[in-house]
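Asker: Right, I'll just put the structure down here and ask away after.
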Amino acid sequence: MGLLQDGRWVDQWYDTKQSDGKFVRDNSKFRHWVTEDGSAGSSGDAGFKAESGRYHLYVSLACPWAHRTLIFRALKGLEPHISVTVVEPHMLENGWEFYQPGNTLFNGHHIAGADQDTVNDKQFLYQIYQLADAKANGRVTVPVLWDKQRQTIVSNESAEIIRMFNSAFNNITGNQLDLYPEQLREAIDQTNAWIYDTINNGVYKAGFATSQPAYEKAFNTLFSALDKVELRLEKQNYLTGEQITEADWRLFTTLIRFDAVYVGHFKTNLRRIEDYPNLSNYLRALYQVPGIKETVNFEHIKQHYYFSHASINPTRVVPTGSALDYLRPHNRRPTTPN
Ligand SMILES: N[C@@H](CCC(=O)N[C@@H](CS)C(=O)NCC(=O)O)C(=O)O
């Protein structure tokens, strides 16, 4: 894996030497907004009007940030309007790559579910970044929202892509589901802020730490935050009350990876999600919302983490479990999301 330096691909792992063994995530670089009428959003340029068939998502099924965008695409009825390309689960010396007929990524074995890039006909995701900016700098991450008309990247920030999906296309889809309702915005933003830092990104801080103190700090912060969520879910069905919102979906993509990957690979092994009565019921409730389980691919999830991070798992042996059944009954009140 690597990054772009003035538009050139350089193979390089995260540098934790400058930060006492701590993993520090880069900020996303492309921050335009698709809006209903093409006016500018809260950052970037105007000119990205919501239109059916104009936009394309590049995602990894392994990645929790990209997973958010697939969930919103499903829940908001955007599947016929926004096309998708899924990258290969293994992120190696060329970073994310697309399926090529004859790919021998995994000992000659192709892992089902990855796509060829039929939109731009490229082999690697970094080439999509180069198309958008010939002098691009920084990490090449998924998700990417691509504009087929202007031939550029609209956004590579999942938190903002899901906000666009929540409302910008409503006139096209007729789907009025609001996962970021006005009256809950403050509560959602507040919840997102600490959950991002301690849980979503917290598992990575534990897993990518290269010093014992950095790992232990992330580990303790992560499990205190999970305890806090567990308590909150004792009193209410979902994070911000009785309806499912954006905050729940952002937490979901981390929770669903937790027992299959993070407990082992990222050493977040104080408890599994399965061991928390409320969190585990909550996780199953979200998994069972129509359209969601189709966005979860444990094969890509496990293959990505265990195979790509050779500094954490040098043997590249991928575990077989887990045997957890997320379709078991749960105790959350069934909701249509709102
Ligand atoms: N802030 C970004 C983060 C995305 C991100 O870090 N994606 C990871 C995969 S889970 C990635 O593509 N990493 C490649 C790299 O860091 O080189 C978002 O939420 O969209």
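Ligands are numbered from 1 in the order shown, chains are lettered A, B, ... in the order of the structure tokens, and residues start at 1 in each chain.
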Check the DSSP output for the backbone and give back, as a PyMOL selection string, the residues of range 109-263 of chain A in helix (DSSP H, G or I).
Answerer: chain A and resi 125-132+158-167+170-173+182-200+202-208+212-235+246-263
Asker: Please identify every polymer residue within 6 Å of ligand 1, using only C-alpha atoms and all ligand atoms, and present the set as a count of residues only.
Answerer: 15
Asker: Please identify all polymer residues within 8 Å of Ser60 in chain A, counting only C-alpha atoms, omitting same-chain residues fewer than 4 positions from it, and present them as a PyMOL selection string.
Answerer: chain A and resi 66-67+86-89+142-143
Asker: Using only C-alpha atoms, which protein or nucleic acid residues come within 9 Å of range 292-300 of chain A? Drop anything in the same chain fewer than 2 positions from it, and give the result as a PyMOL selection string.
Answerer: chain A and resi 60-63+67+70-71+74-75+88-90+111-114+253+256-257+260+286-290+302-305
Asker: Range 73-293 of chain A: which residues are strand (DSSP E or B) by DSSP, as a list in words?
Answerer: Ser83, Val84, Thr85, Val86, Leu92, Gly95, Glu97, Phe106, His109, Phe124, Gly138, Arg139, Val144, Leu145, Trp146, Asp147, Thr152, Ile153, Val154, Ser155, Tyr238 and Gly241 of chain A
Asker: Taking 2 positions as the minimum chain separation for residues in the same chain, which residues sit within 7 Å of Tyr55 in chain A when counting only C-alpha atoms? Answer as number ranges by chain.
Answerer: A: 53, 57, 82-83, 145-148
Asker: Filtering to C-alpha atoms, could you give me those residues as a PDB file, in the first residue's frame?
Answerer:
```pdb
ATOM      1  CA  GLY A  53     -26.804   7.909 -13.784  1.00  0.00           C
ATOM      2  CA  LEU A  57     -19.147   4.940  -6.321  1.00  0.00           C
ATOM      3  CA  ILE A  82     -25.711   5.526  -8.665  1.00  0.00           C
ATOM      4  CA  SER A  83     -23.550   2.732 -10.056  1.00  0.00           C
ATOM      5  CA  LEU A 145     -17.744   9.394  -5.441  1.00  0.00           C
ATOM      6  CA  TRP A 146     -16.944   9.932  -9.126  1.00  0.00           C
ATOM      7  CA  ASP A 147     -18.687  12.319 -11.519  1.00  0.00           C
ATOM      8  CA  LYS A 148     -18.912  10.690 -14.958  1.00  0.00           C
TER       9      LYS A 148
END
```
Asker: Env of Phe266 in chain A: 8 Å cut, atoms = only C-alpha atoms, seq-sep filter 6 positions within chain, self excluded. Answer as a ChimeraX atom specification.
Answerer: /A:203-204,206-208
Asker: Which distance in Å separates CA of Glu36 in chain A and CA of Lys49 in chain A, to one decimal?
Answerer: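 Going from CA of Glu36 in chain A over to CA of Lys49 in chain A covers 5.7 Å.
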Asker: If I take CA of Val119 in chain A and CA of Leu3 in chain A, how far is one from the other in Å, to one decimal?
Answerer: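 Separating CA of Val119 in chain A from CA of Leu3 in chain A is a distance of 22.3 Å.
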Asker: With only C-alpha atoms as the counted atoms, please give the residues lying no more than 12 Å from Asp121 in chain A, apart from itself and same-chain residues fewer than 3 positions off, as a list in words.
Answerer: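 Selected residues are Thr85, Glu97, Phe98, Tyr99, Gln100, Asp115, Gln116, Asp117, Thr118, Phe124, Leu125, Gln127, Ile128 and Leu131 of chain A.
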Asker: For CA of Trp249 in chain A and CA of Val263 in chain A, determine how far apart the two atoms are, in Å to one decimal place.
Answerer: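 These atoms are spaced 20.2 Å apart.
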